>>> print(open('input-v1.cif').read())   # mmCIF, C-alpha atoms and all ligand atoms
data_query
loop_
_atom_site.label_atom_id
_atom_site.label_comp_id
_atom_site.auth_asym_id
_atom_site.auth_seq_id
_atom_site.Cartn_x
_atom_site.Cartn_y
_atom_site.Cartn_z
CA MET U 1058 0.00 0.00 0.00
CA ARG U 1059 1.30 3.42 -0.93
CA ILE U 1060 0.74 6.29 1.46
CA SER U 1061 -0.57 9.45 -0.23
CA ASP U 1062 1.55 12.61 -0.44
CA THR U 1063 -0.83 14.37 1.98
CA VAL U 1064 -0.44 11.70 4.66
CA ALA U 1065 3.31 11.52 4.00
CA ALA U 1066 3.53 15.29 4.58
CA ARG U 1067 1.58 15.00 7.83
CA LEU U 1068 3.88 12.20 9.02
CA LYS U 1069 6.86 14.40 8.19
CA GLU U 1070 5.40 17.23 10.30
CA LEU U 1071 5.17 14.76 13.18
CA GLY U 1072 8.83 13.88 12.68
CA VAL U 1073 7.95 10.31 11.66
CA GLU U 1074 10.06 8.59 9.02
CA LEU U 1075 8.37 6.93 6.06
CA ARG U 1076 10.14 4.34 3.92
CA GLN U 1077 8.34 3.78 0.67
CA GLY U 1078 8.04 0.58 -1.35
CA ILE U 1079 9.86 -1.69 1.11
CA SER U 1080 10.16 -5.40 0.29
CA LEU U 1081 9.16 -7.31 3.41
CA ALA U 1082 11.11 -10.30 2.09
CA ASP U 1083 14.16 -8.27 3.17
CA GLU U 1084 12.73 -7.77 6.67
CA THR U 1085 11.73 -11.32 7.56
CA SER U 1086 13.78 -14.36 8.53
CA LEU U 1087 11.85 -16.50 5.99
CA ALA U 1088 12.78 -13.99 3.26
CA ILE U 1089 9.21 -14.09 1.99
CA GLY U 1090 6.81 -11.15 1.73
CA GLY U 1091 5.45 -8.48 -0.58
CA THR U 1092 5.90 -4.74 -0.87
CA THR U 1093 4.47 -1.85 1.09
CA ASP U 1094 5.32 1.41 2.86
CA GLU U 1095 6.90 1.33 6.31
CA ILE U 1096 6.44 3.85 9.12
CA LEU U 1097 9.38 4.08 11.54
CA LEU U 1098 8.27 5.11 15.01
CA ARG U 1099 11.39 6.71 16.48
CA ARG U 1100 9.57 8.76 19.10
CA TYR U 1101 7.03 6.82 21.11
CA ASP U 1102 5.08 9.96 22.04
CA THR U 1103 4.07 10.40 18.38
CA ILE U 1104 2.36 6.98 18.25
CA PRO U 1105 -1.15 8.04 19.40
CA GLU U 1106 -1.16 10.84 16.80
CA VAL U 1107 0.12 8.52 14.05
CA MET U 1108 -2.54 5.95 14.94
CA ARG U 1109 -5.27 8.61 14.82
CA LEU U 1110 -4.00 9.78 11.43
CA LEU U 1111 -4.05 6.23 10.02
CA ALA U 1112 -7.56 5.63 11.42
CA ASN U 1113 -8.90 8.91 9.99
CA GLU U 1114 -7.39 8.13 6.59
CA HIS U 1115 -8.61 4.48 6.69
CA ILE U 1116 -5.07 3.14 6.29
CA PRO U 1117 -4.81 -0.45 7.57
CA HIS U 1118 -1.56 -1.30 9.33
CA ARG U 1119 0.39 -4.19 10.86
CA PHE U 1120 3.18 -4.04 13.39
CA LEU U 1121 6.49 -5.70 12.52
CA GLY U 1122 9.17 -6.51 15.09
CA GLY U 1123 12.22 -8.50 14.02
CA GLY U 1124 10.16 -10.40 11.43
CA THR U 1125 11.23 -13.82 12.76
CA ASN U 1126 7.78 -15.30 13.38
CA VAL U 1127 5.75 -14.06 10.43
CA LEU U 1128 4.87 -15.47 7.02
CA ILE U 1129 3.78 -12.60 4.79
CA VAL U 1130 2.02 -13.03 1.44
CA ASP U 1131 3.68 -11.85 -1.77
CA GLY U 1132 2.72 -8.95 -4.02
CA GLU U 1133 1.59 -5.40 -3.30
CA LEU U 1134 0.22 -5.50 0.24
CA PRO U 1135 -3.03 -3.71 1.22
CA TRP U 1136 -1.65 -2.43 4.55
CA VAL U 1137 1.39 -0.50 5.75
CA VAL U 1138 3.81 -1.80 8.34
CA MET U 1139 4.93 0.03 11.44
CA HIS U 1140 8.23 -0.62 13.05
CA LEU U 1141 10.23 0.60 16.05
CA PRO U 1142 13.78 1.49 14.99
CA THR U 1143 16.32 -0.90 16.40
CA ALA U 1144 19.41 1.33 16.79
CA HIS U 1145 20.42 2.18 20.38
CA PRO U 1146 17.48 0.69 22.29
CA GLY U 1147 17.32 1.64 25.97
CA MET U 1148 18.35 -1.03 28.49
CA ARG U 1149 19.13 -0.47 32.15
CA VAL U 1150 19.24 -2.46 35.35
CA GLU U 1151 18.24 -1.39 38.87
CA GLY U 1152 18.60 -4.08 41.51
CA ASN U 1153 16.73 -7.11 40.21
CA ALA U 1154 14.75 -5.08 37.69
CA ALA U 1155 15.64 -4.68 34.02
CA TYR U 1156 14.01 -1.89 31.97
CA VAL U 1157 14.22 -2.61 28.25
CA ASP U 1158 12.85 -1.01 25.09
CA ALA U 1159 10.66 -3.27 22.95
CA SER U 1160 12.89 -2.63 19.94
CA ALA U 1161 15.89 -4.25 21.66
CA ASP U 1162 17.20 -7.54 20.33
CA LEU U 1163 16.01 -10.32 22.66
CA GLY U 1164 19.37 -12.11 22.78
CA GLY U 1165 21.12 -8.77 23.37
CA MET U 1166 18.83 -8.22 26.35
CA VAL U 1167 19.61 -11.66 27.79
CA THR U 1168 23.37 -11.03 27.61
CA PHE U 1169 23.04 -7.45 28.89
CA CYS U 1170 21.16 -8.72 31.96
CA ALA U 1171 23.64 -11.58 32.39
CA LYS U 1172 26.51 -9.08 32.52
CA HIS U 1173 24.64 -7.42 35.40
CA ASP U 1174 24.38 -10.82 37.15
CA LEU U 1175 20.68 -11.19 36.34
CA GLY U 1176 19.66 -14.60 34.98
CA GLY U 1177 16.53 -16.68 34.53
CA MET U 1178 16.36 -16.12 30.77
CA GLU U 1179 19.18 -18.35 29.57
CA GLY U 1180 16.71 -20.47 27.55
CA LEU U 1181 15.75 -17.44 25.45
CA ILE U 1182 19.28 -16.81 24.24
CA GLY U 1183 18.90 -18.16 20.70
CA VAL U 1184 15.37 -16.88 20.10
CA PRO U 1185 15.83 -14.24 17.39
CA GLY U 1186 13.76 -11.07 17.09
CA SER U 1187 12.84 -8.17 19.30
CA VAL U 1188 11.76 -7.88 22.92
CA GLY U 1189 8.38 -6.54 21.67
CA GLY U 1190 7.85 -9.65 19.53
CA ALA U 1191 8.86 -11.87 22.45
CA LEU U 1192 6.29 -10.14 24.68
CA ARG U 1193 3.54 -10.49 22.08
CA MET U 1194 4.35 -14.17 21.49
CA ASN U 1195 5.37 -15.02 25.08
CA ALA U 1196 8.51 -16.44 23.51
CA GLY U 1197 9.99 -19.42 25.28
CA ALA U 1198 12.47 -22.24 24.99
CA TYR U 1199 14.07 -24.92 27.13
CA GLY U 1200 11.64 -24.39 30.02
CA THR U 1201 11.89 -20.58 30.08
CA GLN U 1202 9.25 -18.10 28.95
CA ILE U 1203 9.47 -14.33 29.10
CA GLY U 1204 5.96 -13.88 30.59
CA PRO U 1205 6.63 -14.90 34.20
CA HIS U 1206 9.42 -12.29 34.46
CA VAL U 1207 7.25 -9.39 33.26
CA ARG U 1208 6.33 -6.84 35.95
CA GLU U 1209 5.17 -3.93 33.77
CA VAL U 1210 4.65 -3.22 30.09
CA GLU U 1211 4.44 0.28 28.68
CA LEU U 1212 2.36 0.13 25.54
CA TYR U 1213 0.20 2.02 23.11
CA ARG U 1214 -3.26 0.70 23.90
CA ALA U 1215 -5.59 0.50 20.97
CA ALA U 1216 -8.59 0.51 23.35
CA THR U 1217 -7.85 3.98 24.74
CA GLY U 1218 -5.63 5.41 22.01
CA GLU U 1219 -3.08 6.35 24.68
CA ILE U 1220 0.28 5.16 25.98
CA GLU U 1221 -0.29 3.34 29.26
CA THR U 1222 1.44 0.99 31.65
CA LEU U 1223 -0.02 -2.43 32.37
CA ARG U 1224 0.99 -4.43 35.42
CA GLY U 1225 2.39 -7.86 34.68
CA GLY U 1226 -0.32 -9.50 36.79
CA ASP U 1227 -2.98 -8.00 34.52
CA ILE U 1228 -1.53 -9.64 31.40
CA ARG U 1229 -2.15 -13.30 30.55
CA PHE U 1230 0.86 -15.12 29.19
CA ASP U 1231 -0.03 -18.55 27.78
CA TYR U 1232 1.82 -20.89 25.45
CA ARG U 1233 2.80 -18.58 22.53
CA HIS U 1234 -0.28 -16.48 23.25
CA THR U 1235 -0.90 -13.34 25.28
CA SER U 1236 -3.89 -11.22 26.24
CA PHE U 1237 -2.63 -8.05 24.50
CA ALA U 1238 -5.16 -6.68 22.01
CA PRO U 1239 -4.18 -7.16 18.34
CA ASP U 1240 -3.50 -3.41 17.88
CA ASP U 1241 -1.60 -2.85 21.13
CA VAL U 1242 2.03 -1.84 20.56
CA MET U 1243 4.54 -2.86 23.19
CA LEU U 1244 7.08 -0.11 23.87
CA ARG U 1245 9.02 -0.96 27.03
CA VAL U 1246 9.09 -3.68 29.63
CA LYS U 1247 10.15 -3.99 33.24
CA LEU U 1248 11.34 -7.49 34.09
CA GLU U 1249 12.21 -8.91 37.48
CA LEU U 1250 15.04 -11.41 37.29
CA PRO U 1251 16.85 -13.62 39.79
CA SER U 1252 20.41 -12.70 40.77
CA ASN U 1253 23.05 -15.14 39.63
CA PRO U 1254 26.78 -14.74 38.98
CA PHE U 1255 27.60 -13.97 35.33
CA LYS U 1256 29.81 -17.07 35.07
CA GLU U 1257 26.91 -19.37 36.00
CA ILE U 1258 24.49 -17.63 33.64
CA LEU U 1259 27.06 -17.90 30.86
CA ALA U 1260 27.40 -21.64 31.44
CA GLY U 1261 23.58 -21.99 31.08
CA ILE U 1262 23.63 -19.88 27.92
CA LYS U 1263 26.33 -22.09 26.40
CA VAL U 1264 24.27 -25.23 27.08
CA CYS U 1265 21.19 -23.72 25.39
CA ASN U 1266 23.23 -22.47 22.44
CA GLU U 1267 24.68 -25.93 21.96
CA LYS U 1268 21.24 -27.62 22.12
CA ARG U 1269 19.95 -25.20 19.49
CA ARG U 1270 22.97 -25.58 17.21
CA SER U 1271 22.74 -29.36 17.31
CA SER U 1272 19.02 -29.58 16.50
CA GLN U 1273 17.95 -26.57 14.40
CA PRO U 1274 18.74 -25.40 10.84
CA LEU U 1275 20.20 -22.11 12.05
CA ASN U 1276 21.96 -21.27 8.79
CA GLN U 1277 18.76 -21.52 6.76
CA LYS U 1278 15.86 -19.11 6.27
CA SER U 1279 13.02 -20.07 8.63
CA ALA U 1280 10.54 -18.67 11.13
CA GLY U 1281 11.37 -21.19 13.84
CA CYS U 1282 8.62 -23.68 14.65
CA ILE U 1283 5.72 -23.51 12.22
CA PHE U 1284 3.20 -25.27 14.48
CA LYS U 1285 2.50 -25.11 18.19
CA ASN U 1286 2.95 -28.39 20.00
CA PRO U 1287 -0.43 -29.98 20.79
CA PRO U 1288 -1.09 -30.62 24.51
CA GLY U 1289 1.28 -33.35 25.68
CA GLY U 1290 2.70 -33.91 22.19
CA SER U 1291 5.38 -32.74 19.82
CA ALA U 1292 4.47 -31.43 16.36
CA GLY U 1293 8.05 -32.01 15.18
CA ARG U 1294 8.02 -35.65 16.30
CA MET U 1295 4.74 -36.40 14.50
CA ILE U 1296 5.95 -34.75 11.28
CA ASP U 1297 9.22 -36.66 11.54
CA GLU U 1298 7.42 -39.99 12.15
CA LEU U 1299 5.43 -39.42 8.97
CA GLY U 1300 8.72 -39.26 7.06
CA LEU U 1301 8.10 -35.68 5.98
CA LYS U 1302 11.57 -34.27 6.62
CA GLY U 1303 12.79 -32.96 3.27
CA HIS U 1304 9.24 -32.85 1.86
CA ARG U 1305 8.93 -29.77 -0.35
CA VAL U 1306 6.63 -27.54 -2.33
CA GLY U 1307 8.80 -25.52 -4.69
CA ASP U 1308 11.60 -24.01 -2.60
CA ALA U 1309 9.65 -24.41 0.67
CA MET U 1310 10.88 -27.48 2.52
CA VAL U 1311 10.39 -29.29 5.83
CA SER U 1312 13.84 -29.01 7.38
CA ASP U 1313 15.83 -32.23 7.40
CA ARG U 1314 17.28 -31.18 10.79
CA HIS U 1315 14.09 -30.25 12.67
CA ALA U 1316 10.72 -31.35 11.29
CA ASN U 1317 8.80 -28.41 12.78
CA PHE U 1318 11.06 -25.88 11.02
CA PHE U 1319 10.07 -25.17 7.41
CA VAL U 1320 12.83 -23.52 5.43
CA ASN U 1321 13.04 -21.35 2.35
CA THR U 1322 15.77 -23.11 0.37
CA GLY U 1323 15.93 -20.47 -2.37
CA HIS U 1324 13.12 -18.36 -3.70
CA ALA U 1325 10.04 -19.90 -2.07
CA SER U 1326 6.85 -17.94 -2.61
CA SER U 1327 4.32 -17.40 0.16
CA ALA U 1328 1.99 -19.73 -1.79
CA ASP U 1329 4.66 -22.50 -1.70
CA MET U 1330 5.09 -22.12 2.07
CA LEU U 1331 1.34 -21.96 2.74
CA LYS U 1332 0.75 -25.07 0.59
CA LEU U 1333 3.49 -26.94 2.46
CA ILE U 1334 1.93 -25.94 5.80
CA ASP U 1335 -1.52 -27.12 4.64
CA GLU U 1336 -0.16 -30.42 3.28
CA VAL U 1337 1.71 -31.23 6.49
CA ARG U 1338 -1.24 -30.24 8.67
CA GLU U 1339 -3.48 -32.52 6.58
CA ARG U 1340 -1.04 -35.46 6.82
CA VAL U 1341 -0.87 -35.07 10.62
CA ARG U 1342 -4.66 -34.77 10.87
CA SER U 1343 -5.30 -37.93 8.90
CA ALA U 1344 -2.58 -39.94 10.67
CA TYR U 1345 -3.07 -38.75 14.26
CA GLY U 1346 -6.48 -37.06 14.28
CA ILE U 1347 -4.80 -33.89 15.60
CA GLU U 1348 -5.31 -30.46 14.06
CA LEU U 1349 -2.03 -28.58 14.37
CA GLU U 1350 -2.34 -24.89 15.14
CA ASN U 1351 0.06 -22.38 13.55
CA GLU U 1352 2.76 -20.87 15.73
CA VAL U 1353 3.92 -18.76 12.78
CA ILE U 1354 1.72 -15.71 12.22
CA VAL U 1355 0.41 -15.53 8.67
CA TRP U 1356 -0.28 -12.08 7.23
CA ARG U 1357 -2.63 -12.44 4.27
CA ASN U 1358 -4.05 -9.72 2.04
C1 LIG O 1 15.75 -19.83 13.96
C2 LIG O 1 14.56 -19.44 14.80
C3 LIG O 1 14.41 -20.01 16.05
C4 LIG O 1 13.29 -19.66 16.85
N1 LIG O 1 13.18 -20.24 18.07
C5 LIG O 1 12.15 -19.88 18.87
C6 LIG O 1 12.02 -20.43 20.20
O1 LIG O 1 12.81 -21.24 20.63
N2 LIG O 1 10.98 -20.02 20.96
C7 LIG O 1 10.07 -19.09 20.52
O2 LIG O 1 9.15 -18.72 21.27
N3 LIG O 1 10.14 -18.56 19.27
C8 LIG O 1 11.16 -18.92 18.45
N4 LIG O 1 11.26 -18.39 17.19
C9 LIG O 1 10.20 -17.49 16.69
C10 LIG O 1 10.48 -15.98 16.94
O3 LIG O 1 11.85 -15.74 17.02
C11 LIG O 1 9.79 -15.48 18.22
O4 LIG O 1 8.40 -15.65 18.15
C12 LIG O 1 10.10 -13.99 18.45
O5 LIG O 1 9.73 -13.65 19.77
C13 LIG O 1 9.37 -13.06 17.47
O6 LIG O 1 9.88 -11.74 17.64
P1 LIG O 1 9.93 -10.71 16.43
O7 LIG O 1 10.38 -9.41 16.98
O8 LIG O 1 10.73 -11.25 15.31
O9 LIG O 1 8.39 -10.62 16.06
P2 LIG O 1 7.74 -10.55 14.58
O10 LIG O 1 7.97 -11.82 13.87
O11 LIG O 1 8.15 -9.30 13.91
O12 LIG O 1 6.21 -10.43 14.99
C14 LIG O 1 5.54 -11.48 15.65
C15 LIG O 1 4.23 -10.92 16.21
O13 LIG O 1 4.55 -9.98 17.23
C16 LIG O 1 3.98 -8.72 16.91
N5 LIG O 1 4.89 -7.70 17.42
C17 LIG O 1 6.23 -7.61 17.22
N6 LIG O 1 6.73 -6.56 17.90
C18 LIG O 1 5.68 -5.97 18.52
C19 LIG O 1 5.52 -4.84 19.37
N7 LIG O 1 6.55 -4.07 19.76
N8 LIG O 1 4.28 -4.52 19.80
C20 LIG O 1 3.22 -5.26 19.44
N9 LIG O 1 3.29 -6.35 18.66
C21 LIG O 1 4.51 -6.70 18.21
C22 LIG O 1 3.79 -8.71 15.42
O14 LIG O 1 2.75 -7.81 15.04
C23 LIG O 1 3.42 -10.15 15.18
O15 LIG O 1 2.06 -10.34 15.47
C24 LIG O 1 12.35 -18.73 16.37
C25 LIG O 1 12.52 -18.16 15.09
C26 LIG O 1 13.61 -18.50 14.32
C27 LIG O 1 13.78 -17.87 12.97
#
>>> encode(input="input-v1.cif", output="C-alpha cells")
Amino acid sequence: MRISDTVAARLKELGVELRQGISLADETSLAIGGTTDEILLRRYDTIPEVMRLLANEHIPHRFLGGGTNVLIVDGELPWVVMHLPTAHPGMRVEGNAAYVDASADLGGMVTFCAKHDLGGMEGLIGVPGSVGGALRMNAGAYGTQIGPHVREVELYRAATGEIETLRGGDIRFDYRHTSFAPDDVMLRVKLELPSNPFKEILAGIKVCNEKRRSSQPLNQKSAGCIFKNPPGGSAGRMIDELGLKGHRVGDAMVSDRHANFFVNTGHASSADMLKLIDEVRERVRSAYGIELENEVIVWRN
C-alpha cells in the first residue's frame, strides 16, 4: 500500500520517518513477503497521533518486530507496516529489575542482563527477534518463557488510544499467546530477574546455544517452529514420524534437521510455504487425528 503525499507530509510534520516501497522479504527471517510502505516510530510519544492519522485516513496497518515469526504473502500489500527502529534501544538495570525497550534484540537483552548478574532467561538466548515480539508471542524455549518475568509493560493501547502501563499480573501469558489486544504496541518492559553470577548464567547460555545448534537449521531461512505443540505432544516428532523431513513444495521445505522448522531453500513464494503448511497439517490430521495450530503468524491480504 502506498501512502498518499498528503499523509506523507503530515507524518513528516510529526517527525515520523516513512520508507516507501519496502520489500518485506528483506525484513523477515523467511525472506518471503510483498511490498508496502513502512512507518518508523522513532519517538514513542508520536504513536497516538500517528494511529489517529491512520484511522482517519482508513489506512490499515500491521506491526512488525524482528520479522522472525511471520509469514507474509507476496505482491503489493493492502496495509502499511509500522516498526520501532532498532538502533540504540534503551536497556538499564536497577537491583533485580531490568528496563528494556521493545525494539531491543532479545538475545542482546539476555546477555546485557547476564553481565549485570541477572539470569533466569538463559533459555531465550537463541530466540531471534525483538523484545516486543517476544512479549507479544510469550517467547519461550528450554523451560523458560518471558511472561513470568514481566512486571510492567508500557504500551500504546488501541482501546484507549493512549500510551499506558499495564501491570504484569494484569496480562495473561499462555503458550505462545498473550492477552494483548491485536493493535496494542509494546514499547518498554520492566522485568524482574533472579540474581546469579555472570559465570553461571554464561554456562547456562552455552548449554542452550549448543542444544539449538545441534538440533535446528540455524543457517537456513526459517521462522522457527511452524506449528505449536499440541497438549502433551510434539508437532516435530509427528511430522518426523510421517517421514516428511525434506518434503517440499517448490523451494519451501520441511527441514531435514528439525521437522517443525520449514525452510526457504531459495526463492520460495508465500503460496509455496502456505501449501506446504496445509499439506503437512493434513497429513498429521489424517494420521493422528490432531489439528495442528500455527505458531507462525500468517499475514494475508
Ligand atoms: C531460527 C529461529 C528459532 C526460533 N526459536 C524460537 C524459540 O525457541 N521459541 C520461541 O518462542 N520462538 C522462536 N522463534 C520465533 C520468533 O523468534 C519469536 O516468536 C520472536 O519472539 C518473534 O519476535 P519478532 O520481533 O521477530 O516478532 P515478529 O515476527 O516481527 O512479529 C511477531 C508478532 O509480534 C507482533 N509484534 C512484534 N513486535 C511488537 C511490538 N513491539 N508490539 C506489538 N506487537 C509486536 C507482530 O505484530 C506479530 O504479530 C524462532 C525463530 C527462528 C527464525
>>> closest_residue(input="input-v1.cif", among="U:Gly1293, U:Pro1146, U:Gly1197, U:Gly1072", to="His1234 in chain U", atoms="all atoms listed in the file")
U:Gly1197
>>> residues_around(input="input-v1.cif", residues="range 1331-1339 of chain U", least_positions_apart="6", cutoff="7 Å", atoms="all atoms listed in the file", output="list in words")
Arg1305, Val1306, Ala1309, Glu1348 and Leu1349 of chain U
>>> write_last_selection(input="input-v1.cif", atoms="C-alpha atoms", output="JSON list (two decimals), in the frame of the given file")
[["chain", "number", "residue", "atom", "x", "y", "z"],
["U", 1305, "ARG", "CA", 8.93, -29.77, -0.35],
["U", 1306, "VAL", "CA", 6.63, -27.54, -2.33],
["U", 1309, "ALA", "CA", 9.65, -24.41, 0.67],
["U", 1348, "GLU", "CA", -5.31, -30.46, 14.06],
["U", 1349, "LEU", "CA", -2.03, -28.58, 14.37]]
>>> residues_around(input="input-v1.cif", residues="Trp1136 in chain U", least_positions_apart="6", cutoff="8 Å", atoms="only C-alpha atoms", output="PyMOL selection string")
chain U and resi 1058+1093+1116-1119
>>> residues_around(input="input-v1.cif", residues="range 1097-1102 of chain U", least_positions_apart="3", cutoff="12 Å", atoms="all atoms listed in the file", output="number ranges by chain")
U: 1068-1069, 1071-1077, 1079, 1094, 1105-1108, 1120-1122, 1137-1146, 1158-1160, 1211-1213, 1218-1221, 1242-1245
>>> atom_distance(input="input-v1.cif", atom1="CA of Gly1200 in chain U", atom2="atom O11 of ligand LIG 1 (chain O)")
22.3 Å
>>> atom_distance(input="input-v1.cif", atom1="CA of Pro1205 in chain U", atom2="CA of Glu1151 in chain U")
18.4 Å
>>> decode(input="input-v1.cif", residues="range 1199-1281 of chain U", atoms="C-alpha atoms", output="JSON list (two decimals), in the first residue's frame")
[["chain", "number", "residue", "atom", "x", "y", "z"],
["U", 1199, "TYR", "CA", 14.07, -24.92, 27.13],
["U", 1200, "GLY", "CA", 11.64, -24.39, 30.02],
["U", 1201, "THR", "CA", 11.89, -20.58, 30.08],
["U", 1202, "GLN", "CA", 9.25, -18.10, 28.95],
["U", 1203, "ILE", "CA", 9.47, -14.33, 29.10],
["U", 1204, "GLY", "CA", 5.96, -13.88, 30.59],
["U", 1205, "PRO", "CA", 6.63, -14.90, 34.20],
["U", 1206, "HIS", "CA", 9.42, -12.29, 34.46],
["U", 1207, "VAL", "CA", 7.25, -9.39, 33.26],
["U", 1208, "ARG", "CA", 6.33, -6.84, 35.95],
["U", 1209, "GLU", "CA", 5.17, -3.93, 33.77],
["U", 1210, "VAL", "CA", 4.65, -3.22, 30.09],
["U", 1211, "GLU", "CA", 4.44, 0.28, 28.68],
["U", 1212, "LEU", "CA", 2.36, 0.13, 25.54],
["U", 1213, "TYR", "CA", 0.20, 2.02, 23.11],
["U", 1214, "ARG", "CA", -3.26, 0.70, 23.90],
["U", 1215, "ALA", "CA", -5.59, 0.50, 20.97],
["U", 1216, "ALA", "CA", -8.59, 0.51, 23.35],
["U", 1217, "THR", "CA", -7.85, 3.98, 24.74],
["U", 1218, "GLY", "CA", -5.63, 5.41, 22.01],
["U", 1219, "GLU", "CA", -3.08, 6.35, 24.68],
["U", 1220, "ILE", "CA", 0.28, 5.16, 25.98],
["U", 1221, "GLU", "CA", -0.29, 3.34, 29.26],
["U", 1222, "THR", "CA", 1.44, 0.99, 31.65],
["U", 1223, "LEU", "CA", -0.02, -2.43, 32.37],
["U", 1224, "ARG", "CA", 0.99, -4.43, 35.42],
["U", 1225, "GLY", "CA", 2.39, -7.86, 34.68],
["U", 1226, "GLY", "CA", -0.32, -9.50, 36.79],
["U", 1227, "ASP", "CA", -2.98, -8.00, 34.52],
["U", 1228, "ILE", "CA", -1.53, -9.64, 31.40],
["U", 1229, "ARG", "CA", -2.15, -13.30, 30.55],
["U", 1230, "PHE", "CA", 0.86, -15.12, 29.19],
["U", 1231, "ASP", "CA", -0.03, -18.55, 27.78],
["U", 1232, "TYR", "CA", 1.82, -20.89, 25.45],
["U", 1233, "ARG", "CA", 2.80, -18.58, 22.53],
["U", 1234, "HIS", "CA", -0.28, -16.48, 23.25],
["U", 1235, "THR", "CA", -0.90, -13.34, 25.28],
["U", 1236, "SER", "CA", -3.89, -11.22, 26.24],
["U", 1237, "PHE", "CA", -2.63, -8.05, 24.50],
["U", 1238, "ALA", "CA", -5.16, -6.68, 22.01],
["U", 1239, "PRO", "CA", -4.18, -7.16, 18.34],
["U", 1240, "ASP", "CA", -3.50, -3.41, 17.88],
["U", 1241, "ASP", "CA", -1.60, -2.85, 21.13],
["U", 1242, "VAL", "CA", 2.03, -1.84, 20.56],
["U", 1243, "MET", "CA", 4.54, -2.86, 23.19],
["U", 1244, "LEU", "CA", 7.08, -0.11, 23.87],
["U", 1245, "ARG", "CA", 9.02, -0.96, 27.03],
["U", 1246, "VAL", "CA", 9.09, -3.68, 29.63],
["U", 1247, "LYS", "CA", 10.15, -3.99, 33.24],
["U", 1248, "LEU", "CA", 11.34, -7.49, 34.09],
["U", 1249, "GLU", "CA", 12.21, -8.91, 37.48],
["U", 1250, "LEU", "CA", 15.04, -11.41, 37.29],
["U", 1251, "PRO", "CA", 16.85, -13.62, 39.79],
["U", 1252, "SER", "CA", 20.41, -12.70, 40.77],
["U", 1253, "ASN", "CA", 23.05, -15.14, 39.63],
["U", 1254, "PRO", "CA", 26.78, -14.74, 38.98],
["U", 1255, "PHE", "CA", 27.60, -13.97, 35.33],
["U", 1256, "LYS", "CA", 29.81, -17.07, 35.07],
["U", 1257, "GLU", "CA", 26.91, -19.37, 36.00],
["U", 1258, "ILE", "CA", 24.49, -17.63, 33.64],
["U", 1259, "LEU", "CA", 27.06, -17.90, 30.86],
["U", 1260, "ALA", "CA", 27.40, -21.64, 31.44],
["U", 1261, "GLY", "CA", 23.58, -21.99, 31.08],
["U", 1262, "ILE", "CA", 23.63, -19.88, 27.92],
["U", 1263, "LYS", "CA", 26.33, -22.09, 26.40],
["U", 1264, "VAL", "CA", 24.27, -25.23, 27.08],
["U", 1265, "CYS", "CA", 21.19, -23.72, 25.39],
["U", 1266, "ASN", "CA", 23.23, -22.47, 22.44],
["U", 1267, "GLU", "CA", 24.68, -25.93, 21.96],
["U", 1268, "LYS", "CA", 21.24, -27.62, 22.12],
["U", 1269, "ARG", "CA", 19.95, -25.20, 19.49],
["U", 1270, "ARG", "CA", 22.97, -25.58, 17.21],
["U", 1271, "SER", "CA", 22.74, -29.36, 17.31],
["U", 1272, "SER", "CA", 19.02, -29.58, 16.50],
["U", 1273, "GLN", "CA", 17.95, -26.57, 14.40],
["U", 1274, "PRO", "CA", 18.74, -25.40, 10.84],
["U", 1275, "LEU", "CA", 20.20, -22.11, 12.05],
["U", 1276, "ASN", "CA", 21.96, -21.27, 8.79],
["U", 1277, "GLN", "CA", 18.76, -21.52, 6.76],
["U", 1278, "LYS", "CA", 15.86, -19.11, 6.27],
["U", 1279, "SER", "CA", 13.02, -20.07, 8.63],
["U", 1280, "ALA", "CA", 10.54, -18.67, 11.13],
["U", 1281, "GLY", "CA", 11.37, -21.19, 13.84]]
